[in-house]
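S.K.: Please find one structure pasted underneath; my questions will follow.
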Number of protein chains: 2
Amino acid sequence: MPPLEDEQLDAWRAFLNAHAHVTRAIGRDLAAAGLPDLAWYDLLWTLYRAPERRLRVNEVAREVVLSPTAMSRFVDRAEAAGVVRREPDPADRRALQVTLTDAGVELLRRMWPVYEQGIERHFAAQLDRSPQRLRAMLERMAESARRTY
Amino acid sequence: MPPLEDEQLDAWRAFLNAHAHVTRAIGRDLAAAGLPDLAWYDLLWTLYRAPERRLRVNEVAREVVLSPTAMSRFVDRAEAAGVVRREPDPADRRALQVTLTDAGVELLRRMWPVYEQGIERHFAAQLDRSPQRLRAMLERMAESARRTY
DNA sequence: CGAATATACATGCAGATGCATCTAGTGCAA
DNA sequence: TTGCACTAGATGCATCTGCATGTATATTCG
């Protein structure tokens with residue numbers, strides 16, 4: 001492996017910084033609008049786009065990159081808030097399917113404008129003209145890191 | 001503000017994913033080597049490169065994007081571990097300077113090979129040929145988000 | 001100068017996380 | 001079919017976080 005160059009290291013630090021600042025800024029925007037955090041959007045949206053709008057707990061966990069433990073409790077909270085529901089999985093009695101409720105879809109809709117504006121202002125507005133290239137690069141990174149599990 | 005396009009949104013999700021997976025992978029590598037988390041490296045390194053290797057608590061917090069509360073307690077732990085020390089700031093008696101101990105420098109040195117390899121494998125190896133351009137973009141993002149404080 | 005305001009850091013409290021562990025249910029294999 | 005390793009998910013515990021607040025010091029301005 002070639003040694004790490006200063007420019008690459010600088011890019012890495014910029015990566016960490018950009019993530020921290022942008023997610024914080026969006027989190028603040030959501031909180032200011034009386035809405036839950038970004039993580040809630042991720043959970044709800046992941047279910048929304050899933051086939052039949054339902055996924056098993058561990059599947060959602062993988063999608064949003066949360067440990068099964070954290071997801072189990074996250075679903076507790078989301079269920080208590082009425083935005084998702086746990087239902088038995090007919091195909092496997094160990095498993096539970098998490099499904100989106102109407103209130104969940106509704107929350108998703110309320111969050112989107114605020115979230116969208118945050119992504120737009122802090123992220124998309126700074127992109128070059130080829131978001132695909134960036135996306136491909138980021139996906140290679142995630143893939144590389146995921147493989148080491 | 002132009003509406004958010006699908007490609008931009010895809011890039012955003014890839015960004016969140018890449019960050020989550022890569023930092024987790026590096027965290028695991030460090031843990032497997034019996035070393036503390038990435039955040040420790042950030043703290044120590046920030047002090048290491050600071051003028052005179054010392055910064056006030058809130059200054060370090062800003063550098064590594066941690067709330068002052070979190071940093072206060074992080075410094076507690078780091079001090080208990082003997083890698084940093086709190087010293088009164090002669091210029092302001094409210095403030096405390098955090099300084100690196102020899103053991104801190106030593107830990108930094110032990111962590112670097114593992115950390116470097118993680119950055120190299122999961123991040124740098126996936127970069128295009130112009131890390132500067134990516135870096136500039138990421139810095140614009142951080143800057144944009146920071147401004148909204 | 002002295003009062004009001006602002007800043008640096010610490011801390012009580014209420015969440016939220018990961019790890020190890022537990023329970024229940026699956027599936028393969030002898 | 002029964003026994004055993006494996007998987008899905010929940011939970012106790014220790015740890016870490018943010019918010020609101022507290023204490024001490026600095027600064028500003030009438």
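Please note that chains go A, B, ... in the order of the structure tokens, that every chain numbers its residues from 1, and that ligands are numbered from 1 in the order shown.
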Can I get the residues of chain D within 10 Å of chain A, each with the closest pair of atoms and their distance in Å to one decimal, using only C-alpha atoms (C1' of nucleotides), sorted chain first then ascending number, as JSON lines?

M.R.:
```
{"residue": "D:DT7", "atom": "C1'", "partner": "A:Arg94", "partner_atom": "CA", "distance": 8.5}
{"residue": "D:DA8", "atom": "C1'", "partner": "A:Ala95", "partner_atom": "CA", "distance": 5.2}
{"residue": "D:DG9", "atom": "C1'", "partner": "A:Ala95", "partner_atom": "CA", "distance": 6.9}
{"residue": "D:DA10", "atom": "C1'", "partner": "A:Ser72", "partner_atom": "CA", "distance": 7.4}
{"residue": "D:DT11", "atom": "C1'", "partner": "A:Thr69", "partner_atom": "CA", "distance": 9.3}
```

S.K.: With a cut-off of 8 Å, could you pull out the residues of chain A touching chain B and give me the nearest pair of atoms for each, distance in Å to one decimal, using only C-alpha atoms, ordered by chain and ascending number, as CSV?

M.R.:
```
residue,atom,partner,partner_atom,distance
A:Met1,CA,B:Glu120,CA,7.8
A:Pro3,CA,B:Glu120,CA,7.8
A:Leu4,CA,B:Glu120,CA,6.2
A:Glu7,CA,B:Pro131,CA,6.3
A:Gln8,CA,B:Pro131,CA,5.9
A:Leu9,CA,B:Ile119,CA,7.8
A:Asp10,CA,B:Arg135,CA,7.0
A:Ala11,CA,B:Arg135,CA,4.6
A:Trp12,CA,B:Phe123,CA,7.3
A:Ala14,CA,B:Leu138,CA,5.7
A:Phe15,CA,B:Leu138,CA,6.0
A:Leu16,CA,B:His19,CA,7.7
A:Asn17,CA,B:Ala142,CA,6.3
A:Ala18,CA,B:Ala142,CA,4.3
A:His19,CA,B:His19,CA,7.4
A:Ala20,CA,B:Val65,CA,6.5
A:His21,CA,B:Ala142,CA,5.4
A:Val22,CA,B:Ala145,CA,5.2
A:Arg24,CA,B:Ala145,CA,7.9
A:Ala25,CA,B:Ala145,CA,5.5
A:Val64,CA,B:Asn17,CA,7.7
A:Val65,CA,B:Ala20,CA,6.6
A:Glu116,CA,B:Leu4,CA,7.1
A:Ile119,CA,B:Trp12,CA,7.3
A:Glu120,CA,B:Leu4,CA,6.2
A:Arg121,CA,B:Ser144,CA,7.6
A:His122,CA,B:Met141,CA,5.3
A:Phe123,CA,B:Met141,CA,5.8
A:Ala124,CA,B:Gln8,CA,6.0
A:Gln126,CA,B:Met137,CA,6.0
A:Leu127,CA,B:Met137,CA,6.6
A:Asp128,CA,B:Met137,CA,7.8
A:Pro131,CA,B:Gln8,CA,5.9
A:Gln132,CA,B:Glu7,CA,6.6
A:Leu134,CA,B:Ala11,CA,6.7
A:Arg135,CA,B:Ala11,CA,4.6
A:Met137,CA,B:Gln126,CA,6.0
A:Leu138,CA,B:Ala18,CA,5.5
A:Glu139,CA,B:Ala14,CA,5.9
A:Arg140,CA,B:Gln126,CA,6.3
A:Met141,CA,B:His122,CA,5.4
A:Ala142,CA,B:Ala18,CA,4.3
A:Ser144,CA,B:His122,CA,5.6
A:Ala145,CA,B:Val22,CA,5.2
A:Arg146,CA,B:His21,CA,6.1
A:Thr148,CA,B:Ala25,CA,6.9
A:Tyr149,CA,B:Ala25,CA,7.6
```

S.K.: Okay, now the selection with N, CA and C atoms, as a short mmCIF file (atom, residue, chain, number, x, y, z; two decimals), in the first residue's frame?

M.R.:
```cif
data_model
loop_
_atom_site.label_atom_id
_atom_site.label_comp_id
_atom_site.auth_asym_id
_atom_site.auth_seq_id
_atom_site.Cartn_x
_atom_site.Cartn_y
_atom_site.Cartn_z
N MET A 1 0.85 -1.21 0.00
CA MET A 1 0.00 0.00 0.00
C MET A 1 0.88 1.25 0.00
N PRO A 3 2.28 4.88 0.75
CA PRO A 3 2.15 5.66 1.99
C PRO A 3 1.13 6.76 1.80
N LEU A 4 0.54 7.15 2.90
CA LEU A 4 -0.49 8.19 2.88
C LEU A 4 0.15 9.56 2.66
N GLU A 7 -1.84 15.38 1.31
CA GLU A 7 -3.09 15.85 0.70
C GLU A 7 -4.25 14.92 0.97
N GLN A 8 -3.93 13.63 0.99
CA GLN A 8 -4.97 12.66 1.27
C GLN A 8 -5.42 12.77 2.72
N LEU A 9 -4.46 12.98 3.59
CA LEU A 9 -4.80 13.12 5.00
C LEU A 9 -5.64 14.38 5.22
N ASP A 10 -5.28 15.45 4.53
CA ASP A 10 -6.06 16.67 4.65
C ASP A 10 -7.49 16.43 4.17
N ALA A 11 -7.62 15.68 3.10
CA ALA A 11 -8.95 15.39 2.57
C ALA A 11 -9.74 14.57 3.60
N TRP A 12 -9.06 13.66 4.25
CA TRP A 12 -9.72 12.84 5.28
C TRP A 12 -10.24 13.71 6.42
N ALA A 14 -10.93 16.81 6.30
CA ALA A 14 -12.01 17.64 5.78
C ALA A 14 -13.30 16.82 5.71
N PHE A 15 -13.15 15.56 5.42
CA PHE A 15 -14.30 14.65 5.36
C PHE A 15 -14.97 14.54 6.73
N LEU A 16 -14.15 14.27 7.74
CA LEU A 16 -14.69 14.16 9.10
C LEU A 16 -15.36 15.47 9.52
N ASN A 17 -14.71 16.56 9.21
CA ASN A 17 -15.24 17.87 9.59
C ASN A 17 -16.53 18.19 8.88
N ALA A 18 -16.55 17.95 7.60
CA ALA A 18 -17.75 18.27 6.83
C ALA A 18 -18.92 17.46 7.37
N HIS A 19 -18.69 16.18 7.62
CA HIS A 19 -19.78 15.36 8.13
C HIS A 19 -20.29 15.90 9.46
N ALA A 20 -19.38 16.17 10.36
CA ALA A 20 -19.79 16.64 11.69
C ALA A 20 -20.56 17.95 11.60
N HIS A 21 -20.04 18.89 10.86
CA HIS A 21 -20.69 20.20 10.79
C HIS A 21 -22.03 20.15 10.07
N VAL A 22 -22.06 19.45 8.96
CA VAL A 22 -23.30 19.43 8.18
C VAL A 22 -24.41 18.68 8.92
N ARG A 24 -24.68 18.28 12.09
CA ARG A 24 -25.09 19.10 13.23
C ARG A 24 -26.01 20.23 12.79
N ALA A 25 -25.65 20.87 11.70
CA ALA A 25 -26.45 22.00 11.22
C ALA A 25 -27.86 21.53 10.87
N VAL A 64 -29.45 1.60 7.82
CA VAL A 64 -29.10 2.91 8.34
C VAL A 64 -27.81 2.89 9.15
N VAL A 65 -27.10 1.76 9.09
CA VAL A 65 -25.82 1.63 9.78
C VAL A 65 -25.95 1.94 11.27
N GLU A 116 -34.61 18.62 3.40
CA GLU A 116 -34.20 18.92 2.03
C GLU A 116 -33.43 20.24 1.97
N ILE A 119 -29.89 19.73 3.26
CA ILE A 119 -29.03 19.03 2.30
C ILE A 119 -28.66 19.98 1.16
N GLU A 120 -29.66 20.69 0.71
CA GLU A 120 -29.46 21.62 -0.39
C GLU A 120 -28.41 22.68 -0.05
N ARG A 121 -28.62 23.33 1.08
CA ARG A 121 -27.75 24.45 1.44
C ARG A 121 -26.33 24.04 1.80
N HIS A 122 -26.22 23.00 2.60
CA HIS A 122 -24.89 22.68 3.13
C HIS A 122 -24.15 21.63 2.33
N PHE A 123 -24.88 20.85 1.59
CA PHE A 123 -24.23 19.77 0.86
C PHE A 123 -24.31 20.00 -0.65
N ALA A 124 -25.52 19.93 -1.17
CA ALA A 124 -25.68 19.97 -2.63
C ALA A 124 -25.13 21.25 -3.25
N GLN A 126 -22.64 22.78 -2.59
CA GLN A 126 -21.18 22.79 -2.68
C GLN A 126 -20.64 21.72 -3.63
N LEU A 127 -21.53 20.93 -4.18
CA LEU A 127 -21.08 19.86 -5.07
C LEU A 127 -20.55 20.42 -6.38
N ASP A 128 -19.70 19.64 -7.00
CA ASP A 128 -19.29 19.99 -8.36
C ASP A 128 -20.44 19.59 -9.28
N PRO A 131 -22.27 15.00 -9.46
CA PRO A 131 -22.54 14.29 -8.21
C PRO A 131 -22.36 12.78 -8.35
N GLN A 132 -22.52 12.27 -9.55
CA GLN A 132 -22.38 10.82 -9.74
C GLN A 132 -20.98 10.35 -9.41
N LEU A 134 -18.81 11.73 -7.37
CA LEU A 134 -18.64 11.75 -5.92
C LEU A 134 -19.34 10.54 -5.31
N ARG A 135 -20.56 10.35 -5.76
CA ARG A 135 -21.34 9.24 -5.23
C ARG A 135 -20.61 7.92 -5.43
N MET A 137 -17.51 7.38 -5.71
CA MET A 137 -16.35 7.33 -4.84
C MET A 137 -16.77 6.97 -3.41
N LEU A 138 -17.80 7.63 -2.94
CA LEU A 138 -18.28 7.37 -1.58
C LEU A 138 -18.78 5.94 -1.44
N GLU A 139 -19.40 5.45 -2.48
CA GLU A 139 -19.89 4.08 -2.41
C GLU A 139 -18.74 3.08 -2.39
N ARG A 140 -17.67 3.40 -3.10
CA ARG A 140 -16.50 2.52 -3.01
C ARG A 140 -15.97 2.49 -1.58
N MET A 141 -15.97 3.66 -0.95
CA MET A 141 -15.47 3.72 0.43
C MET A 141 -16.33 2.87 1.35
N ALA A 142 -17.63 3.05 1.27
CA ALA A 142 -18.52 2.29 2.15
C ALA A 142 -18.33 0.80 1.90
N SER A 144 -15.71 -0.76 0.70
CA SER A 144 -14.42 -1.20 1.21
C SER A 144 -14.47 -1.42 2.72
N ALA A 145 -15.13 -0.51 3.42
CA ALA A 145 -15.20 -0.61 4.88
C ALA A 145 -16.15 -1.72 5.31
N ARG A 146 -17.22 -1.89 4.56
CA ARG A 146 -18.19 -2.91 4.91
C ARG A 146 -17.57 -4.30 4.79
N THR A 148 -14.81 -5.39 5.55
CA THR A 148 -13.93 -5.81 6.64
C THR A 148 -14.69 -6.30 7.85
N TYR A 149 -15.99 -6.42 7.77
CA TYR A 149 -16.74 -6.92 8.92
C TYR A 149 -16.34 -8.35 9.25
#
```

S.K.: Pairing the C-alpha atoms in order across the whole chain, superpose chain B onto chain A by least squares and write the result as a PDB file with C-alpha atoms, in the first residue's frame.

M.R.:
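Output contents, as saved in superposed.pdb:
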```
ATOM      1  CA  MET B   1      -0.030  -0.057  -0.040  1.00  0.00           C
ATOM      2  CA  PRO B   2       1.411   3.351  -0.957  1.00  0.00           C
ATOM      3  CA  PRO B   3       2.152   5.599   1.989  1.00  0.00           C
ATOM      4  CA  LEU B   4      -0.489   8.135   2.872  1.00  0.00           C
ATOM      5  CA  GLU B   5       0.194  11.548   1.439  1.00  0.00           C
ATOM      6  CA  ASP B   6      -0.455  14.810   3.194  1.00  0.00           C
ATOM      7  CA  GLU B   7      -3.075  15.813   0.682  1.00  0.00           C
ATOM      8  CA  GLN B   8      -4.963  12.618   1.255  1.00  0.00           C
ATOM      9  CA  LEU B   9      -4.808  13.096   4.981  1.00  0.00           C
ATOM     10  CA  ASP B  10      -6.060  16.647   4.618  1.00  0.00           C
ATOM     11  CA  ALA B  11      -8.937  15.358   2.559  1.00  0.00           C
ATOM     12  CA  TRP B  12      -9.717  12.819   5.276  1.00  0.00           C
ATOM     13  CA  ARG B  13      -9.850  15.470   7.976  1.00  0.00           C
ATOM     14  CA  ALA B  14     -12.011  17.630   5.756  1.00  0.00           C
ATOM     15  CA  PHE B  15     -14.301  14.636   5.348  1.00  0.00           C
ATOM     16  CA  LEU B  16     -14.689  14.140   9.091  1.00  0.00           C
ATOM     17  CA  ASN B  17     -15.243  17.854   9.583  1.00  0.00           C
ATOM     18  CA  ALA B  18     -17.744  18.263   6.828  1.00  0.00           C
ATOM     19  CA  HIS B  19     -19.776  15.351   8.129  1.00  0.00           C
ATOM     20  CA  ALA B  20     -19.785  16.642  11.690  1.00  0.00           C
ATOM     21  CA  HIS B  21     -20.686  20.198  10.805  1.00  0.00           C
ATOM     22  CA  VAL B  22     -23.291  19.439   8.201  1.00  0.00           C
ATOM     23  CA  THR B  23     -25.149  16.825  10.226  1.00  0.00           C
ATOM     24  CA  ARG B  24     -25.105  19.123  13.242  1.00  0.00           C
ATOM     25  CA  ALA B  25     -26.450  22.016  11.242  1.00  0.00           C
ATOM     26  CA  ILE B  26     -29.264  19.893   9.860  1.00  0.00           C
ATOM     27  CA  GLY B  27     -30.001  18.530  13.323  1.00  0.00           C
ATOM     28  CA  ARG B  28     -30.334  22.054  14.620  1.00  0.00           C
ATOM     29  CA  ASP B  29     -32.645  23.046  11.789  1.00  0.00           C
ATOM     30  CA  LEU B  30     -34.890  20.100  12.535  1.00  0.00           C
ATOM     31  CA  ALA B  31     -34.874  20.739  16.267  1.00  0.00           C
ATOM     32  CA  ALA B  32     -35.690  24.395  15.661  1.00  0.00           C
ATOM     33  CA  ALA B  33     -38.732  23.271  13.681  1.00  0.00           C
ATOM     34  CA  GLY B  34     -39.810  21.021  16.559  1.00  0.00           C
ATOM     35  CA  LEU B  35     -38.971  17.914  14.580  1.00  0.00           C
ATOM     36  CA  PRO B  36     -36.989  14.827  15.595  1.00  0.00           C
ATOM     37  CA  ASP B  37     -33.456  14.177  14.478  1.00  0.00           C
ATOM     38  CA  LEU B  38     -32.110  13.146  11.109  1.00  0.00           C
ATOM     39  CA  ALA B  39     -31.897   9.542  12.322  1.00  0.00           C
ATOM     40  CA  TRP B  40     -35.683   9.422  12.507  1.00  0.00           C
ATOM     41  CA  TYR B  41     -35.963  10.508   8.943  1.00  0.00           C
ATOM     42  CA  ASP B  42     -33.517   7.827   7.903  1.00  0.00           C
ATOM     43  CA  LEU B  43     -35.475   5.153   9.692  1.00  0.00           C
ATOM     44  CA  LEU B  44     -38.839   6.225   8.305  1.00  0.00           C
ATOM     45  CA  TRP B  45     -37.557   6.774   4.824  1.00  0.00           C
ATOM     46  CA  THR B  46     -35.822   3.417   4.742  1.00  0.00           C
ATOM     47  CA  LEU B  47     -39.127   1.764   5.585  1.00  0.00           C
ATOM     48  CA  TYR B  48     -41.022   3.956   3.159  1.00  0.00           C
ATOM     49  CA  ARG B  49     -39.024   2.894   0.172  1.00  0.00           C
ATOM     50  CA  ALA B  50     -38.798  -0.776   1.227  1.00  0.00           C
ATOM     51  CA  PRO B  51     -40.878  -3.331  -0.659  1.00  0.00           C
ATOM     52  CA  GLU B  52     -44.285  -3.311   1.039  1.00  0.00           C
ATOM     53  CA  ARG B  53     -42.943  -0.683   3.414  1.00  0.00           C
ATOM     54  CA  ARG B  54     -41.732  -3.202   5.924  1.00  0.00           C
ATOM     55  CA  LEU B  55     -38.369  -4.600   6.954  1.00  0.00           C
ATOM     56  CA  ARG B  56     -37.081  -6.753   9.761  1.00  0.00           C
ATOM     57  CA  VAL B  57     -35.392  -4.972  12.634  1.00  0.00           C
ATOM     58  CA  ASN B  58     -31.904  -6.064  11.674  1.00  0.00           C
ATOM     59  CA  GLU B  59     -32.455  -5.210   8.056  1.00  0.00           C
ATOM     60  CA  VAL B  60     -33.320  -1.629   8.934  1.00  0.00           C
ATOM     61  CA  ALA B  61     -30.311  -1.550  11.222  1.00  0.00           C
ATOM     62  CA  ARG B  62     -28.026  -2.523   8.374  1.00  0.00           C
ATOM     63  CA  GLU B  63     -29.581   0.014   6.030  1.00  0.00           C
ATOM     64  CA  VAL B  64     -29.105   2.949   8.322  1.00  0.00           C
ATOM     65  CA  VAL B  65     -25.825   1.659   9.783  1.00  0.00           C
ATOM     66  CA  LEU B  66     -26.909   1.257  13.367  1.00  0.00           C
ATOM     67  CA  SER B  67     -26.104  -1.658  15.647  1.00  0.00           C
ATOM     68  CA  PRO B  68     -28.958  -4.130  16.163  1.00  0.00           C
ATOM     69  CA  THR B  69     -29.018  -3.103  19.816  1.00  0.00           C
ATOM     70  CA  ALA B  70     -29.412   0.565  19.004  1.00  0.00           C
ATOM     71  CA  MET B  71     -32.044  -0.222  16.412  1.00  0.00           C
ATOM     72  CA  SER B  72     -34.023  -2.374  18.796  1.00  0.00           C
ATOM     73  CA  ARG B  73     -34.328   0.553  21.174  1.00  0.00           C
ATOM     74  CA  PHE B  74     -34.807   3.079  18.434  1.00  0.00           C
ATOM     75  CA  VAL B  75     -37.786   1.075  17.242  1.00  0.00           C
ATOM     76  CA  ASP B  76     -39.055   1.098  20.840  1.00  0.00           C
ATOM     77  CA  ARG B  77     -39.067   4.884  20.802  1.00  0.00           C
ATOM     78  CA  ALA B  78     -40.462   5.174  17.308  1.00  0.00           C
ATOM     79  CA  GLU B  79     -43.212   2.723  18.190  1.00  0.00           C
ATOM     80  CA  ALA B  80     -44.000   4.645  21.359  1.00  0.00           C
ATOM     81  CA  ALA B  81     -44.247   7.759  19.210  1.00  0.00           C
ATOM     82  CA  GLY B  82     -46.673   5.897  16.964  1.00  0.00           C
ATOM     83  CA  VAL B  83     -44.716   6.209  13.728  1.00  0.00           C
ATOM     84  CA  VAL B  84     -43.867   2.533  13.299  1.00  0.00           C
ATOM     85  CA  ARG B  85     -45.303  -0.750  14.449  1.00  0.00           C
ATOM     86  CA  ARG B  86     -43.736  -4.150  15.118  1.00  0.00           C
ATOM     87  CA  GLU B  87     -45.510  -7.084  13.547  1.00  0.00           C
ATOM     88  CA  PRO B  88     -44.693 -10.767  13.634  1.00  0.00           C
ATOM     89  CA  ASP B  89     -42.952 -12.074  10.555  1.00  0.00           C
ATOM     90  CA  PRO B  90     -45.059 -14.930   9.180  1.00  0.00           C
ATOM     91  CA  ALA B  91     -41.985 -16.519   7.650  1.00  0.00           C
ATOM     92  CA  ASP B  92     -39.821 -16.561  10.783  1.00  0.00           C
ATOM     93  CA  ARG B  93     -41.173 -16.460  14.286  1.00  0.00           C
ATOM     94  CA  ARG B  94     -37.945 -15.125  15.722  1.00  0.00           C
ATOM     95  CA  ALA B  95     -38.209 -12.069  13.580  1.00  0.00           C
ATOM     96  CA  LEU B  96     -40.294  -8.938  13.740  1.00  0.00           C
ATOM     97  CA  GLN B  97     -41.194  -6.714  10.855  1.00  0.00           C
ATOM     98  CA  VAL B  98     -41.156  -3.011  11.355  1.00  0.00           C
ATOM     99  CA  THR B  99     -43.833  -1.218   9.395  1.00  0.00           C
ATOM    100  CA  LEU B 100     -44.594   2.419   8.853  1.00  0.00           C
ATOM    101  CA  THR B 101     -47.839   3.779  10.254  1.00  0.00           C
ATOM    102  CA  ASP B 102     -49.844   6.570   8.673  1.00  0.00           C
ATOM    103  CA  ALA B 103     -48.484   8.868  11.347  1.00  0.00           C
ATOM    104  CA  GLY B 104     -45.010   7.776  10.249  1.00  0.00           C
ATOM    105  CA  VAL B 105     -45.666   8.740   6.653  1.00  0.00           C
ATOM    106  CA  GLU B 106     -47.089  11.997   7.896  1.00  0.00           C
ATOM    107  CA  LEU B 107     -43.983  12.731   9.967  1.00  0.00           C
ATOM    108  CA  LEU B 108     -41.798  11.906   6.999  1.00  0.00           C
ATOM    109  CA  ARG B 109     -43.706  14.502   4.998  1.00  0.00           C
ATOM    110  CA  ARG B 110     -43.370  17.125   7.693  1.00  0.00           C
ATOM    111  CA  MET B 111     -39.651  16.522   8.035  1.00  0.00           C
ATOM    112  CA  TRP B 112     -38.771  16.512   4.380  1.00  0.00           C
ATOM    113  CA  PRO B 113     -38.917  20.251   3.616  1.00  0.00           C
ATOM    114  CA  VAL B 114     -36.584  21.063   6.484  1.00  0.00           C
ATOM    115  CA  TYR B 115     -34.254  18.197   5.745  1.00  0.00           C
ATOM    116  CA  GLU B 116     -34.207  18.934   2.051  1.00  0.00           C
ATOM    117  CA  GLN B 117     -33.280  22.514   2.644  1.00  0.00           C
ATOM    118  CA  GLY B 118     -30.415  21.482   4.879  1.00  0.00           C
ATOM    119  CA  ILE B 119     -29.044  19.041   2.310  1.00  0.00           C
ATOM    120  CA  GLU B 120     -29.460  21.628  -0.373  1.00  0.00           C
ATOM    121  CA  ARG B 121     -27.762  24.457   1.450  1.00  0.00           C
ATOM    122  CA  HIS B 122     -24.909  22.691   3.136  1.00  0.00           C
ATOM    123  CA  PHE B 123     -24.229  19.766   0.852  1.00  0.00           C
ATOM    124  CA  ALA B 124     -25.692  19.965  -2.626  1.00  0.00           C
ATOM    125  CA  ALA B 125     -24.843  23.611  -3.137  1.00  0.00           C
ATOM    126  CA  GLN B 126     -21.160  22.776  -2.696  1.00  0.00           C
ATOM    127  CA  LEU B 127     -21.091  19.824  -5.075  1.00  0.00           C
ATOM    128  CA  ASP B 128     -19.273  19.924  -8.366  1.00  0.00           C
ATOM    129  CA  ARG B 129     -21.178  19.357 -11.511  1.00  0.00           C
ATOM    130  CA  SER B 130     -20.830  15.573 -11.292  1.00  0.00           C
ATOM    131  CA  PRO B 131     -22.529  14.269  -8.188  1.00  0.00           C
ATOM    132  CA  GLN B 132     -22.399  10.807  -9.734  1.00  0.00           C
ATOM    133  CA  ARG B 133     -18.673  10.738  -9.551  1.00  0.00           C
ATOM    134  CA  LEU B 134     -18.651  11.714  -5.909  1.00  0.00           C
ATOM    135  CA  ARG B 135     -21.356   9.225  -5.211  1.00  0.00           C
ATOM    136  CA  ALA B 136     -19.405   6.442  -6.878  1.00  0.00           C
ATOM    137  CA  MET B 137     -16.369   7.306  -4.821  1.00  0.00           C
ATOM    138  CA  LEU B 138     -18.312   7.353  -1.570  1.00  0.00           C
ATOM    139  CA  GLU B 139     -19.927   4.066  -2.408  1.00  0.00           C
ATOM    140  CA  ARG B 140     -16.549   2.505  -3.004  1.00  0.00           C
ATOM    141  CA  MET B 141     -15.509   3.699   0.439  1.00  0.00           C
ATOM    142  CA  ALA B 142     -18.562   2.271   2.141  1.00  0.00           C
ATOM    143  CA  GLU B 143     -18.104  -0.956   0.276  1.00  0.00           C
ATOM    144  CA  SER B 144     -14.464  -1.223   1.207  1.00  0.00           C
ATOM    145  CA  ALA B 145     -15.236  -0.623   4.862  1.00  0.00           C
ATOM    146  CA  ARG B 146     -18.228  -2.910   4.906  1.00  0.00           C
ATOM    147  CA  ARG B 147     -16.152  -5.794   3.586  1.00  0.00           C
ATOM    148  CA  THR B 148     -13.985  -5.812   6.667  1.00  0.00           C
ATOM    149  CA  TYR B 149     -16.812  -6.937   8.943  1.00  0.00           C
TER     150      TYR B 149
END
```

S.K.: Would you mind listing, as a PyMOL selection string, all residues of chain C that have at least one atom within 10 Å of chain A, where only C-alpha atoms (C1' of nucleotides) are what counts?

M.R.: chain C and resi 16-19+24-26

S.K.: Just to be explicit: take each residue in the selection above, keep N, CA and C atoms (P, O5', C5', C4', C3', O3' and C1' of nucleotides), and write the result as a short mmCIF file (atom, residue, chain, number, x, y, z; two decimals), in the first residue's frame.

M.R.:
```cif
data_model
loop_
_atom_site.label_atom_id
_atom_site.label_comp_id
_atom_site.auth_asym_id
_atom_site.auth_seq_id
_atom_site.Cartn_x
_atom_site.Cartn_y
_atom_site.Cartn_z
P DA C 16 -33.46 9.31 23.32
"O5'" DA C 16 -32.06 8.59 23.07
"C5'" DA C 16 -31.01 9.32 22.44
"C4'" DA C 16 -29.79 8.46 22.36
"C3'" DA C 16 -29.99 7.10 21.68
"O3'" DA C 16 -29.03 6.98 20.65
"C1'" DA C 16 -28.84 6.88 23.74
P DT C 17 -28.95 5.70 19.74
"O5'" DT C 17 -27.61 5.00 20.26
"C5'" DT C 17 -26.35 5.65 20.01
"C4'" DT C 17 -25.27 4.84 20.67
"C3'" DT C 17 -25.26 3.38 20.26
"O3'" DT C 17 -24.24 3.18 19.29
"C1'" DT C 17 -24.99 3.65 22.63
P DG C 18 -24.12 1.71 18.61
"O5'" DG C 18 -23.15 0.93 19.61
"C5'" DG C 18 -21.88 1.48 19.93
"C4'" DG C 18 -21.15 0.53 20.86
"C3'" DG C 18 -21.14 -0.91 20.37
"O3'" DG C 18 -19.85 -1.46 20.61
"C1'" DG C 18 -22.22 -0.79 22.49
P DC C 19 -19.45 -2.89 20.10
"O5'" DC C 19 -19.44 -3.76 21.44
"C5'" DC C 19 -18.70 -3.31 22.58
"C4'" DC C 19 -18.94 -4.25 23.74
"C3'" DC C 19 -18.98 -5.73 23.33
"O3'" DC C 19 -18.15 -6.47 24.23
"C1'" DC C 19 -20.93 -5.15 24.54
P DA C 24 -37.95 -18.20 26.61
"O5'" DA C 24 -38.10 -18.13 25.04
"C5'" DA C 24 -38.61 -16.93 24.46
"C4'" DA C 24 -38.54 -17.08 22.97
"C3'" DA C 24 -39.12 -18.40 22.45
"O3'" DA C 24 -39.95 -18.09 21.36
"C1'" DA C 24 -36.94 -18.06 21.61
P DG C 25 -40.87 -19.19 20.66
"O5'" DG C 25 -40.11 -19.44 19.28
"C5'" DG C 25 -39.95 -18.33 18.41
"C4'" DG C 25 -38.95 -18.72 17.35
"C3'" DG C 25 -39.32 -20.00 16.57
"O3'" DG C 25 -39.17 -19.68 15.20
"C1'" DG C 25 -37.11 -20.09 17.33
P DT C 26 -39.68 -20.72 14.06
"O5'" DT C 26 -38.41 -20.76 13.09
"C5'" DT C 26 -37.18 -20.49 13.59
"C4'" DT C 26 -36.11 -20.68 12.53
"C3'" DT C 26 -36.32 -21.79 11.51
"O3'" DT C 26 -35.62 -21.41 10.34
"C1'" DT C 26 -34.57 -22.37 12.99
#
```

S.K.: Could you please determine the separation between atom C1' of D:DA26 and atom C1' of C:DT5 in Å, to one decimal place?

M.R.: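 So the two atoms, atom C1' of D:DA26 and atom C1' of C:DT5, lie 10.3 Å apart.
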
S.K.: Between D:DA24, D:DC19, D:DA14, D:DC6, single out the one closest to C:DG27, counting only C-alpha atoms (C1' of nucleotides).

M.R.: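 Of D:DA24, D:DC19, D:DA14, D:DC6, the one nearest C:DG27, counting only C-alpha atoms (C1' of nucleotides), is D:DC6.
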
S.K.: Taking only C-alpha atoms (C1' of nucleotides) into account, which of D:DG22, D:DG30, D:DG12, D:DG3 comes nearest C:DC9?

M.R.: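 That would be D:DG22, the residue with the smallest distance to C:DC9.
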